[in-house]
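Q: Input structure: coords.txt, which contains compact mmCIF, C-alpha atoms and all ligand atoms.
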# COMPACT_ATOMS: atom_id res chain seq x y z
CA MET A 27 44.58 -53.02 -104.12
CA ALA A 28 47.45 -50.87 -105.35
CA SER A 29 50.36 -53.15 -106.21
CA SER A 30 52.78 -51.00 -104.16
CA CYS A 31 50.94 -52.19 -101.05
CA ARG A 32 51.87 -55.85 -101.58
CA ALA A 33 54.42 -57.73 -99.47
CA THR A 34 57.47 -59.17 -101.23
CA VAL A 35 59.14 -61.11 -98.37
CA LYS A 36 59.15 -64.90 -98.07
CA THR A 37 59.40 -67.20 -95.06
CA VAL A 38 62.53 -68.99 -93.87
CA GLY A 39 63.82 -69.59 -90.35
CA ASN A 40 61.60 -70.25 -87.37
CA ARG A 41 60.76 -67.08 -85.42
CA THR A 42 57.21 -65.84 -85.88
CA GLY A 43 54.82 -63.52 -84.12
CA THR A 44 54.63 -59.80 -83.71
CA SER A 45 52.68 -59.53 -80.45
CA THR A 46 54.23 -56.95 -78.18
CA LYS A 47 54.03 -55.35 -74.74
CA LEU A 48 54.50 -51.62 -74.74
CA LEU A 49 53.49 -48.75 -72.45
CA GLY A 50 52.17 -51.30 -69.95
CA LEU A 51 49.69 -52.62 -72.56
CA LYS A 52 49.51 -55.84 -74.61
CA PHE A 53 49.06 -55.66 -78.38
CA THR A 54 48.48 -58.57 -80.75
CA ASN A 55 50.72 -56.75 -83.24
CA PRO A 56 52.56 -53.39 -83.37
CA LEU A 57 50.39 -51.87 -86.13
CA PHE A 58 47.89 -49.31 -84.83
CA LEU A 59 45.24 -47.29 -86.63
CA ALA A 60 46.46 -43.67 -86.77
CA SER A 61 44.31 -40.80 -85.59
CA GLY A 62 42.04 -39.21 -88.18
CA VAL A 63 41.07 -42.33 -90.13
CA MET A 64 37.94 -44.32 -89.15
CA GLY A 65 38.28 -43.07 -85.57
CA THR A 66 35.25 -40.79 -85.52
CA THR A 67 33.06 -43.53 -84.03
CA PRO A 68 33.81 -46.47 -81.71
CA GLY A 69 32.32 -48.74 -84.39
CA GLY A 70 34.95 -47.50 -86.86
CA LEU A 71 37.70 -48.28 -84.35
CA LYS A 72 36.29 -51.79 -83.85
CA SER A 73 36.24 -52.36 -87.62
CA ALA A 74 39.95 -51.55 -87.76
CA VAL A 75 40.66 -54.04 -84.95
CA ASP A 76 38.50 -56.67 -86.66
CA ALA A 77 40.60 -56.07 -89.79
CA GLY A 78 43.83 -56.71 -87.87
CA ALA A 79 44.94 -53.47 -86.15
CA GLY A 80 46.80 -54.19 -82.90
CA GLY A 81 45.66 -50.90 -81.35
CA VAL A 82 43.68 -47.85 -82.43
CA VAL A 83 43.73 -44.08 -82.00
CA THR A 84 40.56 -41.99 -82.04
CA LYS A 85 39.95 -38.94 -84.18
CA SER A 86 41.35 -35.97 -82.23
CA LEU A 87 38.84 -34.78 -79.64
CA GLY A 88 38.37 -31.28 -78.24
CA LEU A 89 36.35 -29.92 -75.32
CA GLU A 90 33.48 -28.91 -77.62
CA ALA A 91 31.99 -30.43 -80.77
CA ARG A 92 33.55 -28.83 -83.85
CA LYS A 93 32.68 -28.80 -87.57
CA GLY A 94 36.16 -28.27 -88.99
CA HIS A 95 37.29 -26.42 -92.10
CA SER A 96 35.17 -25.88 -95.19
CA SER A 97 35.51 -28.36 -98.05
CA PRO A 98 37.33 -29.42 -100.09
CA ASN A 99 39.20 -30.71 -97.05
CA VAL A 100 40.96 -33.74 -98.54
CA VAL A 101 42.67 -33.98 -101.92
CA GLY A 102 44.66 -36.84 -103.44
CA VAL A 103 48.16 -35.93 -104.63
CA ASP A 104 51.07 -38.03 -105.93
CA CYS A 105 51.91 -40.66 -103.31
CA GLY A 106 49.53 -39.38 -100.65
CA TYR A 107 46.80 -37.05 -99.50
CA LEU A 108 46.64 -33.43 -98.46
CA ASN A 109 44.08 -32.78 -95.73
CA ALA A 110 42.82 -29.74 -93.91
CA MET A 111 39.98 -31.30 -91.95
CA GLY A 112 40.23 -28.70 -89.20
CA LEU A 113 39.80 -31.21 -86.36
CA PRO A 114 36.07 -31.94 -86.75
CA ASN A 115 34.85 -34.06 -83.82
CA PRO A 116 31.80 -34.66 -81.62
CA GLY A 117 33.46 -33.43 -78.39
CA VAL A 118 35.34 -35.45 -75.80
CA GLU A 119 32.43 -36.05 -73.40
CA TYR A 120 30.09 -37.43 -76.05
CA PHE A 121 32.80 -39.62 -77.61
CA THR A 122 33.97 -40.98 -74.25
CA GLU A 123 30.41 -41.91 -73.31
CA GLU A 124 29.95 -43.71 -76.67
CA LEU A 125 33.32 -45.46 -76.37
CA SER A 126 32.45 -46.75 -72.90
CA LYS A 127 29.58 -48.76 -74.46
CA VAL A 128 31.77 -50.62 -76.99
CA ASP A 129 34.34 -53.40 -76.60
CA VAL A 130 36.75 -52.34 -79.34
CA GLY A 131 38.87 -55.48 -78.86
CA ALA A 132 42.31 -53.80 -78.60
CA PRO A 133 43.87 -50.91 -76.68
CA VAL A 134 42.33 -47.55 -77.59
CA PHE A 135 44.28 -44.29 -77.43
CA ALA A 136 42.18 -41.14 -77.19
CA SER A 137 43.72 -38.38 -79.28
CA ILE A 138 43.04 -34.95 -77.79
CA PHE A 139 43.81 -31.36 -78.75
CA GLY A 140 43.67 -28.20 -76.67
CA GLU A 141 44.94 -24.64 -76.45
CA ASP A 142 46.85 -24.78 -73.16
CA PRO A 143 47.97 -27.12 -70.35
CA ASP A 144 44.69 -26.73 -68.41
CA GLN A 145 42.58 -27.73 -71.42
CA PHE A 146 44.81 -30.75 -72.05
CA ALA A 147 44.46 -31.77 -68.38
CA LYS A 148 40.66 -31.55 -68.55
CA LEU A 149 40.52 -33.46 -71.83
CA THR A 150 42.84 -36.13 -70.44
CA GLU A 151 40.72 -36.58 -67.33
CA ILE A 152 37.51 -37.00 -69.33
CA ALA A 153 38.99 -39.26 -72.05
CA SER A 154 40.60 -41.48 -69.41
CA GLY A 155 37.08 -42.63 -68.50
CA ALA A 156 37.01 -44.99 -71.51
CA ALA A 157 40.46 -45.11 -73.17
CA ASP A 158 43.57 -47.20 -72.46
CA GLY A 159 46.01 -44.42 -73.31
CA ILE A 160 46.10 -40.76 -74.30
CA GLU A 161 47.71 -39.26 -77.41
CA LEU A 162 48.29 -35.51 -77.23
CA ASN A 163 47.88 -33.86 -80.63
CA LEU A 164 50.69 -31.30 -80.54
CA SER A 165 51.10 -31.32 -84.28
CA CYS A 166 48.06 -30.65 -86.50
CA PRO A 167 49.54 -28.16 -89.02
CA HIS A 168 46.36 -26.37 -90.08
CA ALA A 169 44.33 -25.24 -87.06
CA GLU A 170 44.56 -22.00 -85.10
CA LYS A 171 45.71 -22.00 -81.44
CA VAL A 172 45.98 -25.83 -81.25
CA GLY A 173 48.09 -28.62 -82.75
CA SER A 174 51.48 -27.36 -83.93
CA ALA A 175 50.54 -23.87 -82.66
CA VAL A 176 51.21 -25.27 -79.16
CA GLY A 177 53.53 -28.11 -80.20
CA THR A 178 56.62 -26.26 -81.43
CA ASP A 179 57.63 -24.55 -78.18
CA PRO A 180 59.51 -27.09 -76.02
CA ASP A 181 58.71 -25.29 -72.72
CA LEU A 182 54.99 -25.26 -73.49
CA VAL A 183 55.12 -28.90 -74.63
CA GLU A 184 56.72 -29.92 -71.33
CA ARG A 185 54.01 -28.07 -69.35
CA ILE A 186 51.19 -29.56 -71.45
CA VAL A 187 52.53 -33.10 -71.10
CA SER A 188 53.17 -32.70 -67.38
CA LYS A 189 49.60 -31.48 -66.71
CA ALA A 190 48.15 -34.30 -68.80
CA VAL A 191 50.29 -36.90 -67.03
CA ASP A 192 49.14 -35.56 -63.64
CA ALA A 193 45.52 -35.92 -64.74
CA THR A 194 45.61 -39.67 -65.50
CA ASP A 195 47.09 -43.05 -64.62
CA LEU A 196 47.11 -44.01 -68.31
CA PRO A 197 50.19 -43.81 -70.55
CA VAL A 198 50.41 -40.42 -72.28
CA LEU A 199 51.93 -40.12 -75.77
CA ALA A 200 52.96 -36.85 -77.44
CA LYS A 201 52.38 -36.73 -81.22
CA LEU A 202 55.07 -34.52 -82.73
CA THR A 203 55.17 -32.26 -85.76
CA PRO A 204 57.79 -32.63 -88.52
CA ASN A 205 57.27 -28.96 -89.42
CA THR A 206 60.15 -27.77 -87.26
CA ASP A 207 63.91 -28.17 -87.05
CA ARG A 208 63.56 -28.89 -83.31
CA ILE A 209 61.71 -32.21 -83.27
CA VAL A 210 64.29 -33.80 -80.95
CA ASP A 211 64.17 -30.84 -78.51
CA ILE A 212 60.38 -31.09 -78.53
CA GLY A 213 60.54 -34.86 -78.00
CA ARG A 214 62.93 -34.37 -75.09
CA ALA A 215 60.58 -31.78 -73.60
CA ALA A 216 57.72 -34.29 -73.83
CA GLU A 217 59.90 -36.91 -72.17
CA SER A 218 60.83 -34.47 -69.36
CA GLY A 219 57.13 -33.77 -68.88
CA GLY A 220 56.54 -37.47 -68.25
CA ALA A 221 55.38 -38.75 -71.65
CA ALA A 222 55.40 -42.55 -71.81
CA GLY A 223 56.31 -42.29 -75.49
CA VAL A 224 56.25 -40.08 -78.56
CA VAL A 225 54.48 -40.50 -81.90
CA ALA A 226 56.35 -39.28 -84.98
CA ILE A 227 55.26 -37.84 -87.32
CA ASN A 228 52.06 -35.91 -88.01
CA THR A 229 51.50 -34.54 -91.51
CA VAL A 230 53.94 -32.36 -93.40
CA SER A 231 52.67 -28.86 -94.15
CA GLY A 232 51.75 -28.45 -97.83
CA MET A 233 49.28 -27.16 -100.39
CA ALA A 234 47.93 -27.78 -103.89
CA ILE A 235 46.86 -25.25 -106.55
CA ASP A 236 44.36 -26.04 -109.31
CA VAL A 237 45.94 -24.99 -112.61
CA GLU A 238 42.55 -24.45 -114.26
CA THR A 239 40.89 -22.28 -111.60
CA LYS A 240 44.33 -20.97 -110.58
CA ARG A 241 43.25 -21.15 -106.94
CA PRO A 242 44.33 -23.20 -103.92
CA VAL A 243 42.43 -26.51 -103.90
CA LEU A 244 41.80 -26.89 -100.17
CA GLY A 245 39.10 -24.81 -98.52
CA ASN A 246 41.65 -23.89 -95.86
CA VAL A 247 44.27 -23.11 -98.58
CA THR A 248 47.02 -25.11 -96.77
CA GLY A 249 46.94 -28.56 -95.22
CA GLY A 250 49.00 -31.55 -94.15
CA LEU A 251 50.57 -34.13 -96.49
CA SER A 252 50.36 -37.81 -95.48
CA GLY A 253 51.09 -41.14 -97.14
CA ARG A 254 54.00 -42.71 -98.96
CA ALA A 255 55.42 -39.29 -99.93
CA ILE A 256 56.35 -38.51 -96.31
CA HIS A 257 57.85 -41.89 -95.43
CA PRO A 258 61.51 -40.75 -95.70
CA VAL A 259 60.69 -37.71 -93.52
CA ALA A 260 59.23 -40.06 -90.89
CA VAL A 261 62.23 -42.39 -91.07
CA LYS A 262 64.64 -39.51 -90.37
CA ALA A 263 62.49 -38.09 -87.56
CA VAL A 264 62.27 -41.50 -85.85
CA TYR A 265 66.00 -42.08 -86.38
CA ASP A 266 66.88 -38.71 -84.79
CA LEU A 267 64.42 -39.17 -81.91
CA TYR A 268 65.84 -42.63 -81.15
CA GLU A 269 69.29 -41.04 -80.75
CA GLY A 270 67.97 -38.35 -78.41
CA LEU A 271 65.24 -39.99 -76.31
CA SER A 272 64.83 -42.97 -73.97
CA VAL A 273 61.04 -43.45 -74.21
CA PRO A 274 59.49 -45.64 -76.92
CA ILE A 275 58.73 -44.08 -80.30
CA ILE A 276 55.61 -44.92 -82.30
CA GLY A 277 56.45 -44.40 -85.99
CA VAL A 278 53.89 -43.08 -88.47
CA GLY A 279 54.23 -41.86 -92.03
CA GLY A 280 53.77 -43.79 -95.24
CA VAL A 281 53.61 -47.31 -93.80
CA GLU A 282 51.88 -49.43 -96.43
CA THR A 283 54.12 -52.47 -96.98
CA PRO A 284 56.22 -54.73 -94.75
CA GLU A 285 59.33 -53.00 -96.09
CA THR A 286 58.12 -49.53 -95.06
CA ALA A 287 57.22 -50.94 -91.62
CA VAL A 288 60.60 -52.64 -91.17
CA GLU A 289 62.42 -49.45 -92.20
CA LEU A 290 60.72 -47.39 -89.47
CA ILE A 291 61.37 -50.09 -86.86
CA LEU A 292 65.05 -50.24 -87.87
CA ALA A 293 65.12 -46.44 -87.41
CA GLY A 294 63.87 -46.87 -83.84
CA ALA A 295 60.09 -47.28 -83.76
CA SER A 296 58.73 -49.81 -81.24
CA ALA A 297 55.30 -49.76 -82.87
CA LEU A 298 53.73 -48.12 -85.92
CA GLN A 299 50.57 -46.33 -86.91
CA ILE A 300 48.89 -46.66 -90.29
CA GLY A 301 46.50 -44.00 -91.60
CA THR A 302 46.54 -43.04 -95.26
CA ALA A 303 47.18 -46.61 -96.44
CA VAL A 304 43.84 -47.64 -94.96
CA ALA A 305 42.41 -45.64 -97.88
CA THR A 306 45.08 -46.34 -100.51
CA CYS A 307 45.61 -50.05 -99.75
CA GLU A 308 42.28 -51.03 -98.11
CA LEU A 309 41.72 -52.21 -94.55
CA SER A 310 43.56 -55.47 -95.23
CA VAL A 311 46.77 -53.41 -94.95
CA PHE A 312 47.02 -54.32 -91.24
CA ARG A 313 47.02 -58.09 -91.86
CA ASP A 314 49.18 -57.80 -95.01
CA VAL A 315 51.87 -55.73 -93.29
CA ASP A 316 51.75 -57.83 -90.10
CA ARG A 317 52.14 -61.04 -92.06
CA GLY A 318 55.06 -59.62 -94.01
CA LEU A 319 56.68 -58.28 -90.85
CA ALA A 320 56.39 -61.69 -89.15
CA GLU A 321 57.90 -63.34 -92.22
CA TYR A 322 60.78 -60.85 -92.29
CA LEU A 323 61.52 -61.49 -88.59
CA SER A 324 61.44 -65.22 -89.21
CA GLN A 325 63.69 -64.92 -92.25
CA GLU A 326 66.21 -62.80 -90.32
CA ASP A 327 65.81 -64.91 -87.14
CA LEU A 328 65.17 -61.75 -85.12
CA SER A 329 62.52 -60.80 -82.57
CA LEU A 330 60.58 -57.55 -82.93
CA GLU A 331 62.53 -56.15 -79.98
CA ASP A 332 65.84 -57.09 -81.68
CA LEU A 333 64.79 -55.09 -84.74
CA VAL A 334 63.93 -51.83 -82.93
CA GLY A 335 66.68 -49.31 -83.70
CA LEU A 336 68.97 -51.92 -85.27
CA ALA A 337 70.08 -49.42 -87.93
CA HIS A 338 71.84 -47.49 -85.14
CA ARG A 339 73.88 -50.55 -84.14
CA ASN A 340 74.82 -51.85 -87.59
C1 LIG B 401 42.39 -32.83 -88.74
O1 LIG B 401 41.38 -33.35 -88.29
O2 LIG B 401 42.36 -31.64 -89.05
C2 LIG B 401 43.68 -33.58 -88.90
C3 LIG B 401 44.31 -33.77 -87.58
C4 LIG B 401 45.79 -33.54 -87.59
O3 LIG B 401 46.37 -33.14 -88.60
O4 LIG B 401 46.40 -33.73 -86.54
Translate this file's structure into structure tokens.
A:
Amino acid sequence: MASSCRATVKTVGNRTGTSTKLLGLKFTNPLFLASGVMGTTPGGLKSAVDAGAGGVVTKSLGLEARKGHSSPNVVGVDCGYLNAMGLPNPGVEYFTEELSKVDVGAPVFASIFGEDPDQFAKLTEIASGAADGIELNLSCPHAEKVGSAVGTDPDLVERIVSKAVDATDLPVLAKLTPNTDRIVDIGRAAESGGAAGVVAINTVSGMAIDVETKRPVLGNVTGGLSGRAIHPVAVKAVYDLYEGLSVPIIGVGGVETPETAVELILAGASALQIGTAVATCELSVFRDVDRGLAEYLSQEDLSLEDLVGLAHRN
């Protein structure tokens, strides 16, 4: 395990426990598996829960099966990864059928992507057959007609969210892009459309060039940066969204230690997602971060709820 993934807090005081109720669901802890990592199969989702994830998000699902971009589609860079997967997935109907056969052991959010409000409504209806919540991917930075292509126009975001909300009784989350100067406007539009919460942030647009071949490394040329490198971007996005929105915020971006988790919660996140650190710190990251978070809360004599957004009140 990379040493930067290790907890450094110690226990004093007497408050423990990070279980939480959010979005009408119960979670054993506020650390969820982010979309795109291990979520291609229900078995992968279950493995994350068995390793300590309090909730899980599927790989983003579309109406049809899709192969994604040509490789190389993931490259390691300093403090993170660049990916241009291109939303490969087996299709929402197939995945929902498979998911309905498995007890994952924690709430499952189905991540979906579409081109317009009607597609999102259809995807939501189908995915609701087996999921506990829906996450709308309005933020993939490297796919045509979907992701951030539909997620940077607040009016369109409001219509997409509203149609999805009308298509289900489950909580609907909107996953937002950091590749805009309007993230709060977009978050507000999602809230107006009826989103139960927002997820911030998806990957930051970026690219890498091989100095020997003198060509872009990724098959798709550009991709999305994730991991520790984007943590400060996520902290600011969550901080700004907390000022502008009333719905809960799920923070994601570079969480790999208790300190990085606490920072996002202080900024305003009610729960967190972990993606890249599953690869850089191993699957034990969920238990390691949860243990450190519980110890921090105990040491500070605070509940998880007390901690959410505390940086705005101090
Ligand atoms: C992908 O599968 O292309 C990544 C998804 C995303 O960036 O939202």
Q: Determine the nearest neighbour of Pro274 (chain A) from the options A:Leu49, A:Val304, A:Met233, A:Val103, counting all atoms listed in the file.
A: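 Ranked by minimum distance to Pro274 (chain A), first place goes to A:Leu49.
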Q: Could you produce a table of the residues of region 200-268 of chain A lying within 9 Å of region 89-96 of chain A, with the nearest pair of atoms per residue and their separation in Å rounded to one decimal, using all atoms listed in the file, ordered by chain and increasing residue number, as CSV?
A:
residue,atom,partner,partner_atom,distance
A:Leu244,CA,A:Ser96,CA,8.4
A:Gly245,CA,A:Ser96,CA,5.3
A:Asn246,CA,A:His95,CA,6.3
Q: List the neighbours of region 328-334 of chain A out to 8 Å using all atoms listed in the file; skip same-chain residues closer than 4 positions along the sequence, and give me the result as a PyMOL selection string.
A: chain A and resi 41+44+46+291-296+323-324
Q: Can you measure CA of Leu149 (chain A) to CA of Glu119 (chain A) for me? One decimal in Å is fine.
A: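 Answer for the CA of Leu149 (chain A) to CA of Glu119 (chain A) separation: 8.6 Å.
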Q: Which residues come within 7 Å of Tyr107 (chain A), counting all atoms listed in the file, excluding same-chain residues fewer than 4 positions away, as a list of chain:residue names?
A: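 In the requested format, the answer is A:Val100, A:Val101, A:Gly102, A:Val103, A:Leu251, A:Ser252, A:Gly253.
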Q: Find, counting all atoms listed in the file, the residue in A:Glu217, A:Asp179, A:Glu238, A:Glu151 that gets nearest to Thr194 (chain A).
A: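 Of A:Glu217, A:Asp179, A:Glu238, A:Glu151, the one nearest Thr194 (chain A) is A:Glu151, counting all atoms listed in the file.
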Q: Work out where the centre of an axis-aligned box around every listed atom of ligand LIG 401 (chain B) lies and how long its edges are once 5 Å is added on each side; give both in Å to one decimal as AutoDock Vina command-line options.
A:
--center_x 43.9 --center_y -32.7 --center_z -87.8 --size_x 15.0 --size_y 12.1 --size_z 12.5
Q: Give me, as CSV, the closest atom pair and its distance (Å, one decimal) for every residue of chain A within a cut-off of 10 Å of ligand LIG 401 (chain B), counting only C-alpha atoms and all ligand atoms, rows sorted by chain and rising number.
A:
residue,atom,partner,partner_atom,distance
A:Ala60,CA,B:LIG401,O4,9.9
A:Ser61,CA,B:LIG401,C3,7.3
A:Gly62,CA,B:LIG401,O1,5.9
A:Val63,CA,B:LIG401,O1,9.2
A:Lys85,CA,B:LIG401,O1,7.1
A:Ser86,CA,B:LIG401,C3,6.5
A:Leu87,CA,B:LIG401,O1,9.1
A:Lys93,CA,B:LIG401,O1,9.8
A:Gly94,CA,B:LIG401,O2,7.1
A:His95,CA,B:LIG401,O2,7.9
A:Asn99,CA,B:LIG401,O2,8.7
A:Val100,CA,B:LIG401,O2,9.8
A:Leu108,CA,B:LIG401,O3,9.9
A:Asn109,CA,B:LIG401,C2,6.9
A:Ala110,CA,B:LIG401,O2,5.2
A:Met111,CA,B:LIG401,O2,3.8
A:Gly112,CA,B:LIG401,O2,3.6
A:Leu113,CA,B:LIG401,O1,3.3
A:Pro114,CA,B:LIG401,O1,5.7
A:Asn115,CA,B:LIG401,O1,7.9
A:Ser137,CA,B:LIG401,O4,9.0
A:Ile138,CA,B:LIG401,O4,9.5
A:Phe139,CA,B:LIG401,O4,8.5
A:Leu162,CA,B:LIG401,O4,9.7
A:Asn163,CA,B:LIG401,O4,6.1
A:Leu164,CA,B:LIG401,O4,7.8
A:Ser165,CA,B:LIG401,O4,5.7
A:Cys166,CA,B:LIG401,O4,3.5
A:Pro167,CA,B:LIG401,O3,5.9
A:His168,CA,B:LIG401,O2,6.7
A:Ala169,CA,B:LIG401,O2,7.0
A:Val172,CA,B:LIG401,O4,9.5
A:Gly173,CA,B:LIG401,O4,6.6
A:Ser174,CA,B:LIG401,O4,8.6
A:Lys201,CA,B:LIG401,O4,8.5
A:Leu202,CA,B:LIG401,O4,9.5
A:Thr203,CA,B:LIG401,O4,8.9
A:Ile227,CA,B:LIG401,O4,9.8
A:Asn228,CA,B:LIG401,O4,6.2
A:Thr229,CA,B:LIG401,O3,6.1
A:Val230,CA,B:LIG401,O3,9.0
A:Ser231,CA,B:LIG401,O3,9.4
A:Gly249,CA,B:LIG401,O3,8.1
A:Gly250,CA,B:LIG401,O3,6.3
A:Leu251,CA,B:LIG401,O3,9.0
A:Ser252,CA,B:LIG401,O3,9.2
Q: Go ahead and write the selection's residues with C-alpha atoms as a PDB file, keeping the file's coordinate frame.
A:
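Contents of selection_22.pdb, as written:
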ATOM      1  CA  ALA A  60      46.460 -43.670 -86.770  1.00  0.00           C
ATOM      2  CA  SER A  61      44.310 -40.800 -85.590  1.00  0.00           C
ATOM      3  CA  GLY A  62      42.040 -39.210 -88.180  1.00  0.00           C
ATOM      4  CA  VAL A  63      41.070 -42.330 -90.130  1.00  0.00           C
ATOM      5  CA  LYS A  85      39.950 -38.940 -84.180  1.00  0.00           C
ATOM      6  CA  SER A  86      41.350 -35.970 -82.230  1.00  0.00           C
ATOM      7  CA  LEU A  87      38.840 -34.780 -79.640  1.00  0.00           C
ATOM      8  CA  LYS A  93      32.680 -28.800 -87.570  1.00  0.00           C
ATOM      9  CA  GLY A  94      36.160 -28.270 -88.990  1.00  0.00           C
ATOM     10  CA  HIS A  95      37.290 -26.420 -92.100  1.00  0.00           C
ATOM     11  CA  ASN A  99      39.200 -30.710 -97.050  1.00  0.00           C
ATOM     12  CA  VAL A 100      40.960 -33.740 -98.540  1.00  0.00           C
ATOM     13  CA  LEU A 108      46.640 -33.430 -98.460  1.00  0.00           C
ATOM     14  CA  ASN A 109      44.080 -32.780 -95.730  1.00  0.00           C
ATOM     15  CA  ALA A 110      42.820 -29.740 -93.910  1.00  0.00           C
ATOM     16  CA  MET A 111      39.980 -31.300 -91.950  1.00  0.00           C
ATOM     17  CA  GLY A 112      40.230 -28.700 -89.200  1.00  0.00           C
ATOM     18  CA  LEU A 113      39.800 -31.210 -86.360  1.00  0.00           C
ATOM     19  CA  PRO A 114      36.070 -31.940 -86.750  1.00  0.00           C
ATOM     20  CA  ASN A 115      34.850 -34.060 -83.820  1.00  0.00           C
ATOM     21  CA  SER A 137      43.720 -38.380 -79.280  1.00  0.00           C
ATOM     22  CA  ILE A 138      43.040 -34.950 -77.790  1.00  0.00           C
ATOM     23  CA  PHE A 139      43.810 -31.360 -78.750  1.00  0.00           C
ATOM     24  CA  LEU A 162      48.290 -35.510 -77.230  1.00  0.00           C
ATOM     25  CA  ASN A 163      47.880 -33.860 -80.630  1.00  0.00           C
ATOM     26  CA  LEU A 164      50.690 -31.300 -80.540  1.00  0.00           C
ATOM     27  CA  SER A 165      51.100 -31.320 -84.280  1.00  0.00           C
ATOM     28  CA  CYS A 166      48.060 -30.650 -86.500  1.00  0.00           C
ATOM     29  CA  PRO A 167      49.540 -28.160 -89.020  1.00  0.00           C
ATOM     30  CA  HIS A 168      46.360 -26.370 -90.080  1.00  0.00           C
ATOM     31  CA  ALA A 169      44.330 -25.240 -87.060  1.00  0.00           C
ATOM     32  CA  VAL A 172      45.980 -25.830 -81.250  1.00  0.00           C
ATOM     33  CA  GLY A 173      48.090 -28.620 -82.750  1.00  0.00           C
ATOM     34  CA  SER A 174      51.480 -27.360 -83.930  1.00  0.00           C
ATOM     35  CA  LYS A 201      52.380 -36.730 -81.220  1.00  0.00           C
ATOM     36  CA  LEU A 202      55.070 -34.520 -82.730  1.00  0.00           C
ATOM     37  CA  THR A 203      55.170 -32.260 -85.760  1.00  0.00           C
ATOM     38  CA  ILE A 227      55.260 -37.840 -87.320  1.00  0.00           C
ATOM     39  CA  ASN A 228      52.060 -35.910 -88.010  1.00  0.00           C
ATOM     40  CA  THR A 229      51.500 -34.540 -91.510  1.00  0.00           C
ATOM     41  CA  VAL A 230      53.940 -32.360 -93.400  1.00  0.00           C
ATOM     42  CA  SER A 231      52.670 -28.860 -94.150  1.00  0.00           C
ATOM     43  CA  GLY A 249      46.940 -28.560 -95.220  1.00  0.00           C
ATOM     44  CA  GLY A 250      49.000 -31.550 -94.150  1.00  0.00           C
ATOM     45  CA  LEU A 251      50.570 -34.130 -96.490  1.00  0.00           C
ATOM     46  CA  SER A 252      50.360 -37.810 -95.480  1.00  0.00           C
TER      47      SER A 252
END
Q: With all atoms listed in the file as the counted atoms, please give the residues lying no more than 10 Å from Gly223 (chain A), apart from itself and same-chain residues fewer than 3 positions off, as a PDB file with C-alpha atoms, keeping the file's coordinate frame.
A:
ATOM      1  CA  LEU A  48      54.500 -51.620 -74.740  1.00  0.00           C
ATOM      2  CA  LEU A  49      53.490 -48.750 -72.450  1.00  0.00           C
ATOM      3  CA  GLU A 161      47.710 -39.260 -77.410  1.00  0.00           C
ATOM      4  CA  PRO A 197      50.190 -43.810 -70.550  1.00  0.00           C
ATOM      5  CA  VAL A 198      50.410 -40.420 -72.280  1.00  0.00           C
ATOM      6  CA  LEU A 199      51.930 -40.120 -75.770  1.00  0.00           C
ATOM      7  CA  ALA A 200      52.960 -36.850 -77.440  1.00  0.00           C
ATOM      8  CA  LYS A 201      52.380 -36.730 -81.220  1.00  0.00           C
ATOM      9  CA  GLY A 213      60.540 -34.860 -78.000  1.00  0.00           C
ATOM     10  CA  ALA A 216      57.720 -34.290 -73.830  1.00  0.00           C
ATOM     11  CA  GLU A 217      59.900 -36.910 -72.170  1.00  0.00           C
ATOM     12  CA  GLY A 220      56.540 -37.470 -68.250  1.00  0.00           C
ATOM     13  CA  ALA A 226      56.350 -39.280 -84.980  1.00  0.00           C
ATOM     14  CA  LEU A 271      65.240 -39.990 -76.310  1.00  0.00           C
ATOM     15  CA  SER A 272      64.830 -42.970 -73.970  1.00  0.00           C
ATOM     16  CA  VAL A 273      61.040 -43.450 -74.210  1.00  0.00           C
ATOM     17  CA  PRO A 274      59.490 -45.640 -76.920  1.00  0.00           C
ATOM     18  CA  ILE A 275      58.730 -44.080 -80.300  1.00  0.00           C
ATOM     19  CA  ILE A 276      55.610 -44.920 -82.300  1.00  0.00           C
ATOM     20  CA  SER A 296      58.730 -49.810 -81.240  1.00  0.00           C
TER      21      SER A 296
END
Q: If I put a ball of radius 10 Å at (66.2, -41.9, -87.8) in the file's coordinates, which residues poke into it when counting only C-alpha atoms, written as a VMD selection string?
A: chain A and resid 258 to 269 289 to 295 335 337 to 338
Q: Can I get the selected residues back with C-alpha atoms, as a CSV table (one decimal), keeping the file's coordinate frame?
A:
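Just written: out-v9.csv:
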chain,number,residue,atom,x,y,z
A,258,PRO,CA,61.5,-40.8,-95.7
A,259,VAL,CA,60.7,-37.7,-93.5
A,260,ALA,CA,59.2,-40.1,-90.9
A,261,VAL,CA,62.2,-42.4,-91.1
A,262,LYS,CA,64.6,-39.5,-90.4
A,263,ALA,CA,62.5,-38.1,-87.6
A,264,VAL,CA,62.3,-41.5,-85.8
A,265,TYR,CA,66.0,-42.1,-86.4
A,266,ASP,CA,66.9,-38.7,-84.8
A,267,LEU,CA,64.4,-39.2,-81.9
A,268,TYR,CA,65.8,-42.6,-81.2
A,269,GLU,CA,69.3,-41.0,-80.8
A,289,GLU,CA,62.4,-49.4,-92.2
A,290,LEU,CA,60.7,-47.4,-89.5
A,291,ILE,CA,61.4,-50.1,-86.9
A,292,LEU,CA,65.0,-50.2,-87.9
A,293,ALA,CA,65.1,-46.4,-87.4
A,294,GLY,CA,63.9,-46.9,-83.8
A,295,ALA,CA,60.1,-47.3,-83.8
A,335,GLY,CA,66.7,-49.3,-83.7
A,337,ALA,CA,70.1,-49.4,-87.9
A,338,HIS,CA,71.8,-47.5,-85.1
